$ cat work30.txt   # compact mmCIF, C-alpha atoms
# COMPACT_ATOMS: atom_id res chain seq x y z
CA MET A 1211 110.89 71.04 68.92
CA ALA A 1212 110.51 73.60 66.17
CA SER A 1213 111.59 77.08 67.05
CA LYS A 1214 108.97 79.79 67.17
CA LYS A 1215 109.58 83.37 66.21
CA PHE A 1216 107.78 86.26 67.82
CA THR A 1217 107.66 89.73 66.43
CA GLU A 1218 109.74 92.11 68.49
CA LEU A 1219 107.86 94.86 70.23
CA PRO A 1220 108.98 98.41 69.62
CA ALA A 1221 111.04 100.00 72.35
CA VAL A 1222 109.17 102.25 74.74
CA THR A 1223 110.49 105.76 74.28
CA ALA A 1224 108.26 107.50 76.82
CA ASP A 1225 106.77 106.60 80.17
CA PRO A 1226 103.75 104.41 79.50
CA ASP A 1227 100.49 105.23 81.23
CA GLU A 1228 98.41 102.62 83.05
CA ASP A 1229 96.24 101.98 79.98
CA SER A 1230 99.21 101.25 77.68
CA VAL A 1231 98.87 97.84 76.05
CA ILE A 1232 101.69 95.33 76.16
CA ALA A 1233 101.89 91.88 74.60
CA VAL A 1234 102.65 88.77 76.60
CA SER A 1235 103.59 85.45 75.02
CA VAL A 1236 103.04 82.24 76.95
CA PHE A 1237 104.60 78.84 76.21
CA ASP A 1238 102.80 75.85 77.73
CA GLY A 1239 105.91 73.66 77.92
CA ALA A 1240 104.95 71.58 74.87
CA THR A 1241 104.17 73.22 71.56
CA THR A 1242 101.47 75.76 72.18
CA TYR A 1243 102.25 79.47 72.20
CA THR A 1244 99.59 82.02 72.95
CA SER A 1245 99.69 85.76 72.91
CA GLU A 1246 97.66 88.08 75.12
CA LYS A 1247 97.36 91.81 75.39
CA LEU A 1248 97.38 93.31 78.86
CA THR A 1249 97.32 96.85 80.10
CA LEU A 1250 100.08 98.06 82.36
CA LYS A 1251 97.38 98.48 85.04
CA GLN A 1252 96.60 94.74 84.83
CA VAL A 1253 100.28 93.78 85.06
CA ASN A 1254 100.77 96.02 88.09
CA LYS A 1255 97.68 94.53 89.75
CA ALA A 1256 98.96 91.00 89.26
CA SER A 1257 102.20 91.86 91.01
CA SER A 1258 100.65 93.53 94.05
CA ASN A 1259 98.20 92.69 96.80
CA ALA A 1260 98.12 96.30 97.97
CA PHE A 1261 94.83 97.84 99.06
CA ALA A 1262 93.43 100.35 96.59
CA THR A 1263 91.79 103.34 98.28
CA LEU A 1264 88.28 103.75 96.92
CA THR A 1265 86.72 107.19 96.54
CA ASP A 1266 83.84 107.83 98.92
CA GLY A 1267 80.64 109.05 97.29
CA ALA A 1268 76.97 108.12 96.95
CA THR A 1269 78.19 105.20 94.84
CA VAL A 1270 81.58 103.72 95.73
CA THR A 1271 83.04 102.13 92.59
CA TRP A 1272 85.57 99.31 92.90
CA ASP A 1273 87.49 98.57 89.67
CA MET A 1274 88.67 94.96 89.80
CA ASP A 1275 91.25 95.72 87.11
CA VAL A 1276 93.01 97.95 89.65
CA SER A 1277 92.98 95.70 92.71
CA ASP A 1278 91.22 92.71 94.25
CA ASN A 1279 91.78 94.32 97.66
CA ALA A 1280 90.45 97.74 98.59
CA GLU A 1281 89.46 100.01 101.44
CA VAL A 1282 86.99 102.85 101.83
CA THR A 1283 86.05 105.25 104.60
CA LEU A 1284 82.30 105.82 104.48
CA GLY A 1285 81.15 109.42 104.82
CA GLY A 1286 77.46 108.57 104.43
CA ASN A 1287 75.17 105.71 103.46
CA ARG A 1288 76.66 104.27 100.28
CA THR A 1289 76.11 101.78 97.47
CA LEU A 1290 78.97 99.59 96.24
CA ALA A 1291 79.40 99.17 92.48
CA ILE A 1292 81.96 96.76 91.03
CA SER A 1293 83.42 97.11 87.55
CA ASN A 1294 85.48 94.60 85.55
CA PRO A 1295 84.85 91.50 87.68
CA LYS A 1296 86.33 88.26 86.38
CA GLU A 1297 85.33 84.74 87.36
CA GLY A 1298 87.63 83.52 90.13
CA HIS A 1299 88.40 86.92 91.67
CA VAL A 1300 88.87 86.76 95.43
CA GLY A 1301 89.78 89.58 97.76
CA ILE A 1302 89.04 91.86 100.67
CA LEU A 1303 87.18 95.11 101.20
CA LYS A 1304 88.11 97.02 104.34
CA VAL A 1305 85.23 99.31 105.34
CA ILE A 1306 85.91 102.11 107.84
CA GLN A 1307 83.26 104.18 109.60
CA ASP A 1308 84.03 107.90 109.52
CA GLY A 1309 84.04 110.12 112.65
CA THR A 1310 80.25 110.05 112.76
CA GLY A 1311 79.66 106.30 112.33
CA GLY A 1312 76.39 104.55 111.65
CA ARG A 1313 77.03 104.40 107.89
CA THR A 1314 75.64 101.65 105.67
CA LEU A 1315 76.95 99.99 102.52
CA ALA A 1316 74.56 98.36 100.04
CA LEU A 1317 76.23 95.51 98.15
CA PRO A 1318 75.95 95.14 94.37
CA ALA A 1319 73.21 93.10 92.70
CA ASN A 1320 73.92 89.34 92.67
CA SER A 1321 75.46 89.48 96.15
CA LEU A 1322 75.02 86.49 98.43
CA VAL A 1323 76.02 86.81 102.07
CA LEU A 1324 77.19 84.09 104.48
CA ASN A 1325 74.54 82.62 106.81
CA ASP A 1326 71.54 83.58 104.68
CA GLY A 1327 72.33 87.29 104.82
CA GLY A 1328 69.88 88.04 102.02
CA GLY A 1329 72.47 89.98 100.02
CA ALA A 1330 73.05 92.55 102.78
CA ILE A 1331 75.60 93.10 105.54
CA THR A 1332 74.91 95.12 108.66
CA LEU A 1333 78.12 97.01 109.37
CA SER A 1334 79.47 98.08 112.74
CA THR A 1335 78.13 101.51 113.70
CA THR A 1336 80.71 103.07 116.04
CA ALA A 1337 82.80 105.94 114.66
CA GLY A 1338 86.16 104.61 113.48
CA ASP A 1339 85.10 100.94 113.46
CA VAL A 1340 86.68 98.74 110.79
CA ASP A 1341 84.82 95.86 109.15
CA VAL A 1342 86.42 93.39 106.76
CA LEU A 1343 84.38 91.90 103.91
CA SER A 1344 85.80 89.02 101.87
CA TYR A 1345 84.45 88.02 98.48
CA ILE A 1346 84.64 85.37 95.81
CA TYR A 1347 83.21 86.13 92.37
CA ASP A 1348 82.01 82.96 90.65
CA GLY A 1349 81.20 84.56 87.31
CA THR A 1350 77.61 85.31 88.29
CA ASP A 1351 77.39 86.02 92.02
CA TYR A 1352 79.51 87.81 94.61
CA LEU A 1353 79.83 85.50 97.62
CA TRP A 1354 80.54 87.58 100.77
CA THR A 1355 81.79 86.71 104.24
CA PHE A 1356 82.63 89.29 106.87
CA ALA A 1357 84.20 90.09 110.23
CA LEU A 1358 82.99 93.09 112.19
CA GLN A 1359 84.27 95.63 114.70
CA TYR A 1360 88.00 95.81 114.39
CA SER A 1361 88.41 98.85 116.61
$ encode --input "work30.txt" --output "C-alpha cells"
Amino acid sequence: MASKKFTELPAVTADPDEDSVIAVSVFDGATTYTSEKLTLKQVNKASSNAFATLTDGATVTWDMDVSDNAEVTLGGNRTLAISNPKEGHVGILKVIQDGTGGRTLALPANSLVLNDGGGAITLSTTAGDVDVLSYIYDGTDYLWTFALQYS
C-alpha cells in the first residue's frame, strides 16, 4: 500500500471555543482517505449522551449539533423548534411540568406521532410530572413516541 501524507495541523496555542474547526482524516482500511471538518461542539456531542438543558421560552429551540438528548422545564405553553437535524438522529426529550403544571408543547412541522397522534402529543398536566419523548429523524419527518407521567 502506498503511504499517504497528511498536512500537519498547527498546534493550538489557546483554548479553542466550541465553534473552532478541526480536521479529521478517515482511512477506510483499503486505499481511501477522506478528510472532514468538524467543530469542537460536534466532537464533544459525539462523545457524550448527556442531556442538554434547553432554555424555556415561547419557542424552545433544540440544537441537534449540541445534543441528541435534551430536557426542558416548561414555564408556559411552548413550541418546540429543532435546528441542525441530520438524517438518522435518534434521541430523547425529557419534558418537565413546572410548579403550575398544565403546560403544552407543540411539536415542529413534519412531526408524526405514534398511534396516529396527528403530529401532537398531549403531555401530563400535574405540576412536576415528567414525560419522555423519543424521536427518530428520517431526513424529512420527526417520528415521535412517548411515555407519560413519570412522577
$ atom_distance --input "work30.txt" --atom1 "CA of Asn1320 in chain A" --atom2 "CA of Leu1353 in chain A"
8.6 Å
$ closest_residue --input "work30.txt" --among "A:Leu1284, A:Val1300, A:Ala1291, A:Ala1357" --to "Leu1324 in chain A" --atoms "only C-alpha atoms"
A:Ala1357
$ residues_around --input "work30.txt" --residues "range 1265-1280 of chain A" --least-positions-apart "2" --cutoff "7 Å" --atoms "only C-alpha atoms" --output "list in words"
Lys1251, Gln1252, Lys1255, Asn1259, Ala1260, Phe1261, Ala1262, Thr1263, Val1282, Thr1283, Leu1284, Gly1285, Arg1288, Thr1289, Leu1290, Ala1291, Ile1292, Ser1293, Asn1294, Pro1295, His1299, Val1300, Gly1301, Ile1302, Leu1303 and Lys1304 of chain A
$ residues_near_point --input "work30.txt" --point "(83.4, 84.8, 95.2)" --cutoff "9 Å" --atoms "all atoms listed in the file" --output "CSV table (one decimal) with C-alpha atoms, in the frame of the given file"
chain,number,residue,atom,x,y,z
A,1297,GLU,CA,85.3,84.7,87.4
A,1298,GLY,CA,87.6,83.5,90.1
A,1299,HIS,CA,88.4,86.9,91.7
A,1300,VAL,CA,88.9,86.8,95.4
A,1301,GLY,CA,89.8,89.6,97.8
A,1344,SER,CA,85.8,89.0,101.9
A,1345,TYR,CA,84.4,88.0,98.5
A,1346,ILE,CA,84.6,85.4,95.8
A,1347,TYR,CA,83.2,86.1,92.4
A,1348,ASP,CA,82.0,83.0,90.6
A,1349,GLY,CA,81.2,84.6,87.3
A,1351,ASP,CA,77.4,86.0,92.0
A,1352,TYR,CA,79.5,87.8,94.6
A,1353,LEU,CA,79.8,85.5,97.6
A,1354,TRP,CA,80.5,87.6,100.8
$ atom_distance --input "work30.txt" --atom1 "CA of Ser1334 in chain A" --atom2 "CA of Leu1315 in chain A"
10.7 Å
$ closest_residue --input "work30.txt" --among "A:Pro1318, A:Leu1333, A:Tyr1360, A:Asp1339" --to "Ile1306 in chain A" --atoms "only C-alpha atoms"
A:Asp1339
$ closest_residue --input "work30.txt" --among "A:Gly1311, A:Leu1264, A:Ala1316, A:Asp1341" --to "Gly1328 in chain A" --atoms "only C-alpha atoms"
A:Ala1316
$ atom_distance --input "work30.txt" --atom1 "CA of Gly1329 in chain A" --atom2 "CA of Leu1358 in chain A"
16.4 Å
$ axis_aligned_box --input "work30.txt" --around "range 1277-1289 of chain A" --padding-each-side "8 Å" --output "AutoDock Vina command-line options"
--center_x 84.1 --center_y 101.1 --center_z 98.8 --size_x 33.8 --size_y 32.7 --size_z 28.1
$ build_atoms --input "work30.txt" --residues "range 1304-1316 of chain A" --atoms "N, CA and C atoms" --output "short mmCIF file (atom, residue, chain, number, x, y, z; two decimals), in the coordinates of the input"
data_model
loop_
_atom_site.label_atom_id
_atom_site.label_comp_id
_atom_site.auth_asym_id
_atom_site.auth_seq_id
_atom_site.Cartn_x
_atom_site.Cartn_y
_atom_site.Cartn_z
N LYS A 1304 88.03 96.47 102.99
CA LYS A 1304 88.11 97.02 104.34
C LYS A 1304 87.22 98.26 104.38
N VAL A 1305 86.20 98.22 105.25
CA VAL A 1305 85.23 99.31 105.34
C VAL A 1305 85.42 100.00 106.69
N ILE A 1306 85.64 101.32 106.63
CA ILE A 1306 85.91 102.11 107.84
C ILE A 1306 84.78 103.11 108.04
N GLN A 1307 84.25 103.17 109.26
CA GLN A 1307 83.26 104.18 109.60
C GLN A 1307 83.99 105.51 109.81
N ASP A 1308 83.43 106.59 109.31
CA ASP A 1308 84.03 107.90 109.52
C ASP A 1308 83.85 108.34 110.98
N GLY A 1309 84.14 109.60 111.28
CA GLY A 1309 84.04 110.12 112.65
C GLY A 1309 82.63 110.19 113.19
N THR A 1310 81.64 110.05 112.32
CA THR A 1310 80.25 110.05 112.76
C THR A 1310 79.76 108.64 113.04
N GLY A 1311 80.11 107.68 112.18
CA GLY A 1311 79.66 106.30 112.33
C GLY A 1311 78.23 106.10 111.88
N GLY A 1312 77.76 104.88 112.01
CA GLY A 1312 76.39 104.55 111.65
C GLY A 1312 76.13 104.48 110.15
N ARG A 1313 77.18 104.42 109.36
CA ARG A 1313 77.03 104.40 107.89
C ARG A 1313 76.70 103.00 107.40
N THR A 1314 76.01 102.94 106.27
CA THR A 1314 75.64 101.65 105.67
C THR A 1314 76.30 101.52 104.30
N LEU A 1315 76.41 100.27 103.85
CA LEU A 1315 76.95 99.99 102.52
C LEU A 1315 76.07 98.93 101.87
N ALA A 1316 75.36 99.31 100.80
CA ALA A 1316 74.56 98.36 100.04
C ALA A 1316 75.47 97.64 99.06
#
